[in-house]
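S.K.: Coordinates in start20.cif, mmCIF, C-alpha atoms, are listed below.
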data_run
loop_
_atom_site.label_atom_id
_atom_site.label_comp_id
_atom_site.auth_asym_id
_atom_site.auth_seq_id
_atom_site.Cartn_x
_atom_site.Cartn_y
_atom_site.Cartn_z
CA MET K 1 14.48 -10.10 -16.50
CA PHE K 2 13.59 -12.71 -13.88
CA GLY K 3 9.89 -13.09 -13.13
CA GLY K 4 8.64 -10.98 -10.23
CA THR K 5 11.90 -9.12 -9.72
CA GLY K 6 11.20 -5.69 -11.18
CA VAL K 7 12.04 -2.36 -9.59
CA ILE K 8 9.40 -0.54 -7.55
CA THR K 9 9.40 3.26 -7.76
CA GLY K 10 7.05 5.31 -5.59
CA VAL K 11 5.79 8.85 -5.11
CA SER K 12 3.80 10.34 -2.23
CA VAL K 13 1.98 13.60 -1.52
CA ALA K 14 0.95 13.35 2.12
CA HIS K 15 0.00 15.44 5.14
CA GLU K 16 3.55 15.54 6.51
CA HIS K 17 4.62 17.97 3.78
CA ALA K 18 1.50 18.85 1.78
CA THR K 19 -1.67 20.80 2.48
CA VAL K 20 -5.17 19.35 2.14
CA ASP K 21 -5.62 21.14 -1.18
CA GLU K 22 -2.30 19.85 -2.54
CA ILE K 23 -3.27 16.27 -1.66
CA ALA K 24 -6.55 16.80 -3.50
CA GLU K 25 -4.69 18.02 -6.59
CA ALA K 26 -2.35 15.02 -6.71
CA GLY K 27 -3.14 11.89 -8.65
CA ALA K 28 -6.11 10.97 -10.82
CA GLU K 29 -9.85 10.97 -10.10
CA ASN K 30 -9.64 7.71 -8.13
CA GLN K 31 -7.34 4.77 -7.48
CA ARG K 32 -8.53 2.67 -10.40
CA ALA K 33 -8.18 5.57 -12.84
CA GLU K 34 -4.67 6.27 -11.54
CA ILE K 35 -3.62 2.65 -12.03
CA ALA K 36 -5.09 2.50 -15.53
CA CYS K 37 -3.17 5.64 -16.44
CA LEU K 38 0.11 4.35 -15.03
CA THR K 39 -0.04 0.87 -16.57
CA ALA K 40 -0.53 2.47 -20.00
CA ARG K 41 2.87 4.18 -19.77
CA ASP K 42 6.01 2.84 -21.44
CA GLY K 43 7.92 0.32 -19.39
CA VAL K 44 5.35 0.01 -16.58
CA GLU K 45 4.54 -3.61 -15.80
CA GLU K 46 2.56 -3.18 -12.57
CA ALA K 47 0.98 -0.26 -10.70
CA PHE K 48 -0.60 0.48 -7.32
CA ALA K 49 -2.28 3.66 -6.05
CA LEU K 50 -3.38 4.72 -2.57
CA GLN K 51 -5.64 7.77 -2.20
CA THR K 52 -6.99 8.73 1.23
CA CYS K 53 -7.99 11.93 2.96
CA ASN K 54 -4.38 12.65 3.93
CA ARG K 55 -2.27 11.05 1.20
CA ALA K 56 -2.13 10.42 -2.54
CA GLU K 57 0.50 7.86 -3.57
CA ALA K 58 1.44 5.80 -6.60
CA TYR K 59 3.87 2.94 -7.19
CA VAL K 60 5.03 1.37 -10.44
CA VAL K 61 7.12 -1.68 -11.33
CA THR K 62 9.57 -1.40 -14.22
CA THR K 63 12.62 -3.28 -15.42
CA ASP K 64 14.79 -0.21 -14.90
CA ALA K 65 14.47 2.36 -12.11
CA ALA K 66 14.87 5.22 -14.59
CA ASP K 67 11.69 4.11 -16.38
CA GLY K 68 9.85 4.14 -13.06
CA ARG K 69 11.00 7.65 -12.25
CA ALA K 70 9.93 8.82 -15.71
CA ALA K 71 6.49 7.22 -15.34
CA LEU K 72 5.87 9.10 -12.08
CA GLN K 73 7.52 12.38 -13.00
CA ASP K 74 4.23 14.20 -13.62
CA PHE K 75 2.24 12.53 -10.83
CA ALA K 76 1.52 15.86 -9.11
CA PRO K 77 2.49 18.58 -11.63
CA SER K 78 0.69 21.42 -9.84
CA VAL K 79 1.98 20.57 -6.36
CA ARG K 80 5.08 22.18 -4.85
CA GLU K 81 8.09 19.91 -5.32
CA GLU K 82 8.81 20.27 -1.59
CA ALA K 83 5.47 18.54 -0.91
CA VAL K 84 6.29 15.56 -3.15
CA THR K 85 8.29 12.62 -1.78
CA ARG K 86 9.91 10.35 -4.38
CA MET K 87 11.05 6.87 -3.37
CA ASP K 88 13.31 4.20 -4.81
CA HIS K 89 12.63 0.48 -4.47
CA GLU K 90 13.69 -0.11 -0.87
CA GLU K 91 12.22 3.20 0.30
CA SER K 92 8.91 2.24 -1.32
CA LEU K 93 8.84 -1.15 0.39
CA ARG K 94 9.55 0.30 3.82
CA HIS K 95 7.13 3.21 3.30
CA LEU K 96 4.27 0.85 2.40
CA MET K 97 4.87 -1.07 5.63
CA ARG K 98 4.94 2.16 7.65
CA VAL K 99 1.71 3.38 6.05
CA ALA K 100 -0.14 0.12 6.74
CA ALA K 101 1.20 0.10 10.31
CA GLY K 102 -0.18 3.59 10.90
CA LEU K 103 3.20 5.23 11.47
CA GLU K 104 2.64 7.69 8.62
CA SER K 105 -0.94 8.58 9.61
CA LEU K 106 -2.10 11.92 10.95
CA VAL K 107 -3.33 9.95 13.98
CA LEU K 108 -0.40 7.70 14.85
CA GLY K 109 -1.39 4.03 14.72
CA GLU K 110 -4.95 4.66 13.50
CA ASP K 111 -6.76 1.60 12.20
CA HIS K 112 -8.64 3.07 9.24
CA VAL K 113 -5.60 3.24 6.98
CA LEU K 114 -5.12 -0.54 7.03
CA GLY K 115 -8.58 -0.98 5.53
CA GLN K 116 -7.73 1.66 2.95
CA VAL K 117 -4.59 -0.24 1.91
CA ARG K 118 -6.67 -3.42 1.59
CA GLU K 119 -9.21 -1.57 -0.54
CA ALA K 120 -6.45 -0.11 -2.74
CA TYR K 121 -5.02 -3.60 -3.18
CA GLN K 122 -8.40 -4.88 -4.38
CA ASP K 123 -8.76 -1.90 -6.73
CA ALA K 124 -5.33 -2.58 -8.21
CA ARG K 125 -6.10 -6.28 -8.66
CA GLY K 126 -9.41 -5.39 -10.29
CA VAL K 127 -7.77 -3.39 -13.07
CA GLY K 128 -4.74 -5.64 -13.57
CA GLY K 129 -2.20 -3.50 -11.75
CA ILE K 130 -0.96 -6.18 -9.37
CA GLY K 131 1.71 -8.57 -10.61
CA PRO K 132 4.23 -10.74 -8.76
CA THR K 133 6.35 -7.86 -7.47
CA LEU K 134 3.56 -5.70 -6.05
CA GLU K 135 1.66 -8.77 -4.86
CA GLU K 136 4.53 -9.52 -2.52
CA ALA K 137 5.11 -5.89 -1.53
CA VAL K 138 1.53 -4.92 -0.74
CA THR K 139 0.51 -8.14 1.00
CA LYS K 140 3.66 -7.88 3.11
CA ALA K 141 2.62 -4.34 4.11
CA ILE K 142 -0.87 -5.58 5.02
CA HIS K 143 0.65 -8.41 7.04
CA VAL K 144 2.81 -5.91 8.94
CA GLY K 145 -0.23 -3.69 9.58
CA GLU K 146 -2.16 -6.62 11.02
CA ARG K 147 0.77 -7.81 13.09
CA VAL K 148 1.55 -4.49 14.81
CA ARG K 149 -2.08 -4.01 15.81
CA THR K 150 -2.09 -7.46 17.38
CA GLU K 151 1.28 -7.34 19.10
CA THR K 152 1.54 -3.69 20.22
CA ALA K 153 -0.58 -0.91 21.76
CA ILE K 154 -0.10 1.35 18.72
CA ASN K 155 -3.89 1.67 18.18
CA GLU K 156 -5.02 2.30 21.76
CA GLY K 157 -6.88 5.53 22.50
CA ILE K 158 -7.87 7.70 19.53
CA VAL K 159 -7.57 5.21 16.70
CA SER K 160 -9.10 7.01 13.72
CA LEU K 161 -9.67 10.41 12.21
CA GLY K 162 -13.30 10.00 13.19
CA SER K 163 -12.30 9.65 16.85
CA ALA K 164 -9.93 12.58 16.52
CA ALA K 165 -12.66 14.72 14.96
CA ALA K 166 -15.05 13.92 17.82
CA ALA K 167 -12.37 14.74 20.40
CA PHE K 168 -11.57 17.98 18.59
CA ALA K 169 -15.24 18.95 18.37
CA ALA K 170 -15.69 18.26 22.09
CA ASP K 171 -12.90 20.73 22.82
CA GLU K 172 -14.58 23.39 20.68
CA VAL K 173 -18.27 22.81 21.50
CA ASP K 174 -20.17 21.57 24.57
CA LEU K 175 -21.56 18.32 23.17
CA GLU K 176 -23.48 17.32 26.29
CA GLY K 177 -27.12 17.15 25.21
CA ALA K 178 -26.34 18.70 21.81
CA THR K 179 -27.38 17.66 18.31
CA ALA K 180 -24.53 16.59 16.05
CA ALA K 181 -24.49 15.70 12.36
CA VAL K 182 -22.32 13.44 10.25
CA VAL K 183 -22.21 13.92 6.49
CA GLY K 184 -21.03 10.76 4.73
CA ALA K 185 -21.89 7.17 5.59
CA GLY K 186 -18.68 5.34 4.74
CA GLU K 187 -16.26 3.74 7.17
CA MET K 188 -14.96 7.07 8.44
CA GLY K 189 -18.49 8.45 8.79
CA THR K 190 -19.45 5.41 10.83
CA ALA K 191 -16.40 5.79 13.08
CA THR K 192 -17.18 9.48 13.57
CA ALA K 193 -20.83 8.77 14.40
CA LYS K 194 -19.86 6.23 17.06
CA ALA K 195 -17.25 8.57 18.53
CA LEU K 196 -19.73 11.48 18.73
CA ALA K 197 -22.34 9.23 20.32
CA ASN K 198 -19.86 8.48 23.10
CA ARG K 199 -19.38 12.22 23.76
CA GLY K 200 -22.79 12.74 25.37
CA ILE K 201 -24.78 14.13 22.43
CA ASP K 202 -28.57 13.94 22.60
CA GLU K 203 -29.26 13.39 18.91
CA LEU K 204 -27.31 12.40 15.79
CA LEU K 205 -28.28 13.29 12.23
CA VAL K 206 -26.68 11.14 9.51
CA VAL K 207 -26.73 12.72 6.06
CA ASN K 208 -25.79 10.84 2.91
CA ARG K 209 -26.55 10.84 -0.80
CA THR K 210 -27.86 7.28 -0.45
CA VAL K 211 -30.31 7.28 2.46
CA PRO K 212 -30.22 3.49 3.14
CA HIS K 213 -26.49 3.83 3.82
CA ALA K 214 -27.24 6.63 6.27
CA GLU K 215 -29.86 4.42 7.92
CA HIS K 216 -27.24 1.72 8.39
CA VAL K 217 -25.00 4.17 10.25
CA ALA K 218 -27.92 5.48 12.30
CA THR K 219 -28.70 1.98 13.57
CA ALA K 220 -25.06 1.42 14.57
CA VAL K 221 -24.96 4.08 17.32
CA ASP K 222 -26.33 4.04 20.87
CA VAL K 223 -28.12 7.39 20.66
CA ASP K 224 -31.25 8.74 18.99
CA ALA K 225 -30.31 8.98 15.32
CA GLU K 226 -32.07 9.95 12.10
CA ALA K 227 -31.01 9.25 8.51
CA LEU K 228 -31.49 12.02 5.96
CA GLY K 229 -30.71 12.67 2.31
CA LEU K 230 -28.58 15.52 0.96
CA PRO K 231 -31.61 17.69 0.07
CA SER K 232 -32.19 18.04 3.83
CA ILE K 233 -28.76 19.57 4.43
CA HIS K 234 -30.03 23.10 5.16
CA THR K 235 -32.47 21.81 7.81
CA VAL K 236 -29.68 19.77 9.36
CA LEU K 237 -27.41 22.81 9.61
CA GLU K 238 -30.12 24.79 11.37
CA THR K 239 -30.28 22.09 14.07
CA ALA K 240 -26.75 20.75 14.57
CA ALA K 241 -24.20 22.39 16.86
CA VAL K 242 -21.36 20.46 15.21
CA VAL K 243 -21.15 18.91 11.73
CA VAL K 244 -18.41 16.46 10.76
CA THR K 245 -18.12 15.76 7.02
CA SER K 246 -16.37 12.82 5.36
CA SER K 247 -18.17 12.08 2.10
CA ALA K 248 -16.61 10.88 -1.15
CA SER K 249 -18.09 13.74 -3.16
CA GLU K 250 -15.90 15.36 -5.82
CA GLU K 251 -17.58 18.75 -5.20
CA PRO K 252 -18.35 20.63 -1.96
CA LEU K 253 -21.67 19.60 -0.42
CA ILE K 254 -21.97 22.60 1.88
CA GLU K 255 -21.76 26.02 0.25
CA PRO K 256 -22.10 29.55 1.65
CA HIS K 257 -25.83 29.81 0.89
CA HIS K 258 -26.48 26.70 3.02
CA VAL K 259 -25.36 28.52 6.19
CA ALA K 260 -27.20 31.78 5.62
CA GLY K 261 -29.12 32.71 8.76
CA ILE K 262 -28.13 29.69 10.89
CA ASP K 263 -26.94 29.88 14.49
CA ALA K 264 -23.39 29.14 15.59
CA THR K 265 -22.24 25.91 13.97
CA THR K 266 -18.86 24.24 14.02
CA PHE K 267 -17.73 22.24 10.99
CA VAL K 268 -14.94 19.65 11.01
CA ASP K 269 -14.21 18.73 7.39
CA LEU K 270 -12.41 15.39 7.04
CA ALA K 271 -13.19 14.96 3.34
CA GLN K 272 -10.69 14.88 0.52
CA PRO K 273 -11.57 16.85 -1.60
CA ARG K 274 -13.28 19.24 0.81
CA ASP K 275 -16.97 18.84 1.61
CA VAL K 276 -17.21 22.38 2.98
CA ASP K 277 -16.63 25.18 0.50
CA PRO K 278 -13.86 27.54 1.77
CA GLY K 279 -16.31 30.43 1.46
CA VAL K 280 -18.40 29.00 4.30
CA ALA K 281 -15.73 29.99 6.83
CA SER K 282 -16.37 33.69 6.13
CA ARG K 283 -19.98 33.45 7.28
CA ALA K 284 -20.21 34.33 11.00
CA PRO K 285 -20.98 32.73 13.42
CA VAL K 286 -19.83 29.62 11.54
CA THR K 287 -16.43 28.06 12.31
CA VAL K 288 -14.74 25.62 9.92
CA TYR K 289 -11.85 23.28 10.72
CA ASP K 290 -10.15 20.81 8.41
CA LEU K 291 -7.49 18.10 8.57
CA ASP K 292 -4.72 20.61 9.09
CA ASP K 293 -6.41 21.75 12.32
CA LEU K 294 -6.42 18.27 13.90
CA GLU K 295 -2.70 18.35 14.58
CA ASP K 296 -3.10 19.43 18.24
CA VAL K 297 -5.50 16.68 19.25
CA THR K 298 -3.50 14.08 17.36
CA GLU K 299 -0.21 15.22 18.91
CA GLN K 300 -1.44 14.13 22.34
CA THR K 301 -2.13 10.67 20.94
CA ARG K 302 1.31 10.62 19.32
CA ARG K 303 2.97 11.26 22.69
CA GLN K 304 1.00 8.42 24.27
CA ARG K 305 1.97 5.98 21.54
CA ARG K 306 5.64 6.72 21.07
CA ALA K 307 6.77 3.75 23.15
CA ALA K 308 4.56 1.43 21.09
CA ALA K 309 5.84 3.05 17.90
CA GLU K 310 9.41 2.12 18.82
CA THR K 311 8.33 -1.52 19.01
CA VAL K 312 6.54 -1.17 15.67
CA GLU K 313 9.72 0.23 14.09
CA THR K 314 11.59 -2.87 15.28
CA ILE K 315 8.94 -5.13 13.78
CA ILE K 316 9.17 -3.27 10.47
CA ASP K 317 12.97 -3.49 10.48
CA ASP K 318 12.79 -7.25 11.03
CA GLU K 319 10.10 -7.80 8.40
CA PHE K 320 11.93 -5.59 5.91
CA ASP K 321 15.22 -7.45 6.38
CA HIS K 322 13.45 -10.78 6.09
CA LEU K 323 11.68 -9.64 2.94
CA LEU K 324 14.92 -8.61 1.23
CA GLU K 325 16.68 -11.79 2.32
CA ARG K 326 13.89 -13.89 0.88
CA TYR K 327 14.05 -11.86 -2.31
CA LYS K 328 17.76 -12.47 -2.69
CA ARG K 329 17.26 -16.19 -2.18
CA LYS K 330 14.50 -16.09 -4.76
CA ARG K 331 16.83 -14.39 -7.23
CA ALA K 332 19.54 -16.98 -6.57
CA ASP K 333 17.05 -19.86 -6.90
CA GLU K 334 15.87 -18.51 -10.26
CA VAL K 335 19.44 -18.26 -11.51
CA ILE K 336 20.20 -21.76 -10.18
CA ALA K 337 17.09 -23.11 -11.89
CA GLY K 338 18.29 -21.59 -15.18
CA MET K 339 21.73 -23.09 -14.63
CA TYR K 340 20.30 -26.56 -14.03
CA GLU K 341 17.99 -26.20 -17.02
CA GLY K 342 20.97 -25.48 -19.25
CA ALA K 343 22.95 -28.36 -17.76
CA GLU K 344 19.97 -30.69 -18.20
CA ALA K 345 19.72 -29.82 -21.89
CA ILE K 346 23.42 -30.62 -22.37
CA LYS K 347 23.08 -33.83 -20.35
CA ARG K 348 20.14 -35.08 -22.45
CA GLY K 349 22.03 -34.51 -25.67
CA GLU K 350 25.17 -36.26 -24.40
CA VAL K 351 23.21 -39.21 -22.97
CA GLU K 352 21.40 -39.72 -26.26
CA ARG K 353 24.71 -39.57 -28.13
CA ALA K 354 26.36 -42.05 -25.75
CA ILE K 355 23.46 -44.48 -26.04
CA GLU K 356 23.52 -44.27 -29.84
CA GLN K 357 27.25 -45.03 -29.86
CA ALA K 358 26.87 -47.89 -27.40
CA GLU K 359 24.05 -49.44 -29.44
CA ALA K 360 26.15 -49.49 -32.56
CA ASP K 361 27.20 -52.99 -31.50
CA GLY K 362 23.77 -54.08 -30.22
CA ASP K 363 20.79 -52.80 -28.27
CA LEU K 364 21.31 -51.83 -24.63
CA SER K 365 19.14 -53.31 -21.94
CA ALA K 366 16.80 -51.13 -19.87
CA ASP K 367 19.18 -51.48 -16.91
CA GLN K 368 22.13 -50.33 -19.02
CA ARG K 369 20.21 -47.29 -20.26
CA GLU K 370 19.17 -46.46 -16.70
CA ALA K 371 22.78 -46.74 -15.52
CA ILE K 372 24.00 -44.28 -18.15
CA GLU K 373 21.25 -41.78 -17.28
CA ALA K 374 21.89 -42.16 -13.54
CA MET K 375 25.59 -41.55 -14.04
CA ALA K 376 24.84 -38.40 -16.06
CA ASP K 377 22.45 -37.14 -13.37
CA ALA K 378 25.00 -37.76 -10.66
CA LEU K 379 27.69 -35.91 -12.60
CA VAL K 380 25.44 -32.87 -13.11
CA ASN K 381 24.40 -32.76 -9.46
CA LYS K 382 27.93 -33.12 -8.15
CA LEU K 383 29.37 -30.58 -10.57
CA LEU K 384 26.70 -28.00 -9.74
CA ALA K 385 26.54 -28.54 -5.96
CA ALA K 386 29.41 -26.19 -5.15
CA PRO K 387 28.32 -23.47 -7.61
CA THR K 388 24.80 -23.68 -6.18
CA SER K 389 26.09 -23.02 -2.67
CA SER K 390 28.29 -20.18 -3.91
CA LEU K 391 25.39 -18.60 -5.78
CA ARG K 392 23.25 -18.51 -2.66
CA ASP K 393 26.12 -16.93 -0.73
CA ALA K 394 26.63 -14.41 -3.54
CA ALA K 395 22.95 -13.47 -3.50
CA ALA K 396 23.11 -12.81 0.24
CA GLU K 397 26.09 -10.52 -0.36
CA ASP K 398 24.59 -8.70 -3.39
CA ASP K 399 27.39 -10.16 -5.54
CA TRP K 400 25.82 -10.03 -9.00
CA THR K 401 29.11 -10.51 -10.83
CA THR K 402 29.53 -13.99 -9.34
CA ILE K 403 25.97 -14.92 -10.24
CA GLN K 404 26.27 -13.70 -13.80
CA THR K 405 29.64 -15.42 -14.22
CA ALA K 406 28.01 -18.69 -13.12
CA LEU K 407 25.28 -18.20 -15.69
CA GLN K 408 27.80 -17.78 -18.47
CA LEU K 409 29.88 -20.73 -17.32
CA PHE K 410 27.08 -23.23 -16.66
CA ASP K 411 24.19 -22.06 -18.84
CA PRO K 412 25.35 -21.63 -22.43
CA THR K 413 21.72 -21.28 -23.60
CA VAL K 414 21.42 -17.83 -21.91
CA GLU K 415 21.47 -15.14 -24.59
CA ASP K 416 19.60 -12.17 -23.16
CA GLY K 417 21.25 -11.64 -19.76
CA PRO K 418 23.76 -8.84 -19.14
CA SER K 419 27.43 -9.61 -19.61
CA VAL K 420 29.91 -9.81 -16.78
CA GLY K 421 30.69 -6.29 -15.63
CA ASP K 422 27.31 -4.93 -16.75
CA GLU K 423 25.26 -2.86 -14.32
CA ALA K 424 23.79 -4.93 -11.52
CA PRO K 425 20.08 -5.75 -12.03
CA PRO K 426 17.35 -4.59 -9.67
CA GLY K 427 17.81 -5.98 -6.19
CA PHE K 428 21.59 -5.97 -5.99
CA SER K 429 24.08 -3.38 -4.77
CA GLY K 430 21.49 -1.27 -2.99
CA ASP K 431 18.77 -1.43 -5.67
CA ALA K 432 16.87 -4.45 -4.44
CA ALA K 433 13.83 -5.47 -6.39
CA GLY K 434 11.15 -8.14 -6.17
CA VAL K 435 9.90 -9.32 -2.83
CA ALA K 436 8.75 -12.43 -1.08
CA SER K 437 6.53 -12.72 1.96
CA SER K 438 7.77 -14.24 5.19
CA ASP K 439 7.18 -17.91 5.99
CA GLU K 440 4.76 -17.01 8.75
CA GLU K 441 2.46 -15.00 6.52
CA THR K 442 -0.96 -16.44 5.87
CA ASP K 443 -2.90 -16.28 2.65
CA SER K 444 -3.56 -12.56 2.30
CA THR K 445 -6.41 -11.79 -0.05
CA PRO K 446 -7.74 -8.75 1.80
CA THR K 447 -11.41 -7.88 2.16
CA PRO K 448 -12.38 -4.56 0.55
CA VAL K 449 -13.85 -1.82 2.71
CA ASP K 450 -16.53 0.80 2.01
CA ASP K 451 -15.62 4.15 0.54
CA ASP K 452 -15.69 7.14 2.88
#
Using structure tokens, write down the structure from this file.
M.R.:
Amino acid sequence: MFGGTGVITGVSVAHEHATVDEIAEAGAENQRAEIACLTARDGVEEAFALQTCNRAEAYVVTTDAADGRAALQDFAPSVREEAVTRMDHEESLRHLMRVAAGLESLVLGEDHVLGQVREAYQDARGVGGIGPTLEEAVTKAIHVGERVRTETAINEGIVSLGSAAAAFAADEVDLEGATAAVVGAGEMGTATAKALANRGIDELLVVNRTVPHAEHVATAVDVDAEALGLPSIHTVLETAAVVVTSSASEEPLIEPHHVAGIDATTFVDLAQPRDVDPGVASRAPVTVYDLDDLEDVTEQTRRQRRAAAETVETIIDDEFDHLLERYKRKRADEVIAGMYEGAEAIKRGEVERAIEQAEADGDLSADQREAIEAMADALVNKLLAAPTSSLRDAAAEDDWTTIQTALQLFDPTVEDGPSVGDEAPPGFSGDAAGVASSDEETDSTPTPVDDD
């Protein structure tokens, strides 16, 4: 197999088809654990995982697409098959771009997901999941995400789940002069705190397991704010009219006994898994909303951004086509390099033999040796010029038979490649594999972001 030209296979459990609980059930404990599990499976050379509050996804690179499908077959065994989306190589590439661009988000065009893709990329690199194929695919997606937010209005208005939660809470509760609370001090908690502060609240309580992190959020808002630890949660609930949760806890932080005897409180649970135990909703006068309930407020944003989304789709189409074209050229260049390597080996042997024969009657001068070598070089270059051009044309047309025929004709050292007529390798005839970033892309070693 050529370096960096494996097949990507992907699987997704996301809000479009799955419930909050189904997303929580999919995948491993965290991104790094998922990647470690996937890379240990037979045939998997690279792996990438993306786990957010509204999606759990995994991608693997294998030599053969069937191995990739097998590696991901039990990704979400307890989730309805209708909620699981399985993707081949090209579908995975396009989907990654759409996710980073915000087109697959609950809030169309939201910015938070781009940071999550960057963080997932760093996680995958940290545990050895990123190789040449996913390096190209994921950094291309990040590049697209950055580009659409610079060139379009896709992220104007409500740009995050935190903003959506604040807007939703404002529709349910009169926030003017009220006390609000945010549980969780990650990036989403910070965004939520800022959005609530802009809704006219009088006081903000920031609750987090690590109090210094809560203090950092409290200092980032233009409203009276206090940082508290989790042991203070019951006191917070007695005071706050609205509580938005977005922690990274594996277990619910707010249970039925926490709300016993409190006044009317509205919860908006953005966490995945849930921060608010489902049993809390049965305790009047408490009201609990989760991600599934944000659809109405996010639909308004979707309508406002549809024109921008059309432009984003065009950008993705262009970047996707460019990516595949560069991949095909890369495949052709690798085959051409192998062809020239084989020809060079033959040339060296023949030049040495010719010089030995010529020196049977006396030593050759340096100029005579140079002339023989130059003639051999010229012959190789002229003989391979036309095949080189044809190979590049064949790559552009997904014509693997022509490429493999050239390998057999011009590279007799090749022993492991498929024979003429064998199944086309990844990347040809609709099963493109391996990717290359566009010329305009800059060095993309993304900066990790804080956990929610």
S.K.: Can you tell me how far CA of Thr19 (chain K) sits from CA of Ala83 (chain K), in Å to one decimal?
M.R.: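 Value for the CA of Thr19 (chain K)-CA of Ala83 (chain K) distance: 8.2 Å.
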S.K.: Please identify all polymer residues within 10 Å of Val351 (chain K), counting all atoms listed in the file, omitting same-chain residues fewer than 2 positions from it, and present them as a PDB file with C-alpha atoms, in the frame of the given file.
M.R.:
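To be explicit, this is the file written out as result.pdb:
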ATOM      1  CA  ILE K 346      23.420 -30.620 -22.370  1.00  0.00           C
ATOM      2  CA  LYS K 347      23.080 -33.830 -20.350  1.00  0.00           C
ATOM      3  CA  ARG K 348      20.140 -35.080 -22.450  1.00  0.00           C
ATOM      4  CA  GLY K 349      22.030 -34.510 -25.670  1.00  0.00           C
ATOM      5  CA  ARG K 353      24.710 -39.570 -28.130  1.00  0.00           C
ATOM      6  CA  ALA K 354      26.360 -42.050 -25.750  1.00  0.00           C
ATOM      7  CA  ILE K 355      23.460 -44.480 -26.040  1.00  0.00           C
ATOM      8  CA  GLU K 356      23.520 -44.270 -29.840  1.00  0.00           C
ATOM      9  CA  GLN K 357      27.250 -45.030 -29.860  1.00  0.00           C
ATOM     10  CA  ARG K 369      20.210 -47.290 -20.260  1.00  0.00           C
ATOM     11  CA  ILE K 372      24.000 -44.280 -18.150  1.00  0.00           C
ATOM     12  CA  GLU K 373      21.250 -41.780 -17.280  1.00  0.00           C
ATOM     13  CA  ALA K 374      21.890 -42.160 -13.540  1.00  0.00           C
ATOM     14  CA  MET K 375      25.590 -41.550 -14.040  1.00  0.00           C
ATOM     15  CA  ALA K 376      24.840 -38.400 -16.060  1.00  0.00           C
ATOM     16  CA  ASP K 377      22.450 -37.140 -13.370  1.00  0.00           C
TER      17      ASP K 377
END
S.K.: Restricting the calculation to only C-alpha atoms: of K:Ala197, K:Ile315, K:Ala28, K:Val113, which residue gets closest to Glu176 (chain K)?
M.R.: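 Checking each candidate against Glu176 (chain K), we get K:Ala197 as the closest.
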S.K.: Using the chain letters and numbering of this document, enumerate as number ranges by chain the residues selected by the PyMOL selection byres ((chain K and resi 216-233) around 6).
M.R.: K: 190, 194, 203-209, 211, 213-215, 234-236
S.K.: Taking all atoms listed in the file into account, which of K:Glu156, K:Asp174, K:Glu187, K:Glu45 comes nearest Arg306 (chain K)?
M.R.: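 For Arg306 (chain K), the nearest of the given residues is K:Glu156.
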S.K.: One decimal, in Å: what's the spacing between CA of Ile154 (chain K) and CA of Val11 (chain K)?
M.R.: 25.7 Å
S.K.: I want to know what sits within 8 Å of region 13-16 of chain K, based on all atoms listed in the file, with residues of the same chain fewer than 4 positions away left out; could you give that as number ranges by chain?
M.R.: K: 20, 22-23, 26, 54-57, 76, 83-85, 106
S.K.: Which residue, K:Ala378, K:Ala260, K:Ala395, K:Ala271, has the smallest gap to Arg326 (chain K) when you use only C-alpha atoms?
M.R.: K:Ala395
S.K.: Kindly compute an axis-aligned box around the listed atoms of region 342-356 of chain K, allowing 5 Å on each side, and express its centre and edge lengths in Å to one decimal as AutoDock Vina command-line options.
M.R.:
--center_x 23.0 --center_y -35.0 --center_z -23.8 --size_x 16.6 --size_y 29.0 --size_z 22.1
S.K.: Could you please determine the separation between CA of Glu341 (chain K) and CA of Glu397 (chain K) in Å, to one decimal place?
M.R.: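 Value for the CA of Glu341 (chain K)-CA of Glu397 (chain K) distance: 24.3 Å.
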S.K.: The PyMOL selection byres ((chain K and resi 302) around 12) on the file shown: which residues, as a ChimeraX atom specification?
M.R.: /K:102-110,153-159,164,295-301,303-310
S.K.: Name the residues captured by the PyMOL selection byres ((chain K and resi 177) around 6) when it is applied to the shown file; answer as a list in words.
M.R.: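 Applied to this file, the PyMOL selection byres ((chain K and resi 177) around 6) returns Glu176, Ala178, Ile201 and Asp202 of chain K.
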S.K.: Using all atoms listed in the file, which residues sit within 8 Å of Ile35 (chain K) once same-chain residues fewer than 5 positions away are excluded, as number ranges by chain?
M.R.: K: 47-49, 124, 127, 129
S.K.: Could you give me, as a list of chain:residue names, the residues within 12 Å of Leu175 (chain K), counting all atoms listed in the file and dropping anything in the same chain fewer than 2 positions from it?
M.R.: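 Close residues of Leu175 (chain K): K:Ala166, K:Ala167, K:Phe168, K:Ala169, K:Ala170, K:Asp171, K:Glu172, K:Val173, K:Gly177, K:Ala178, K:Thr179, K:Ala180, K:Ala181, K:Ala195, K:Leu196, K:Ala197, K:Asn198, K:Arg199, K:Gly200, K:Ile201, K:Asp202, K:Glu203, K:Leu204, K:Ala240, K:Ala241, K:Val242, K:Val243, K:Thr265, K:Thr266.
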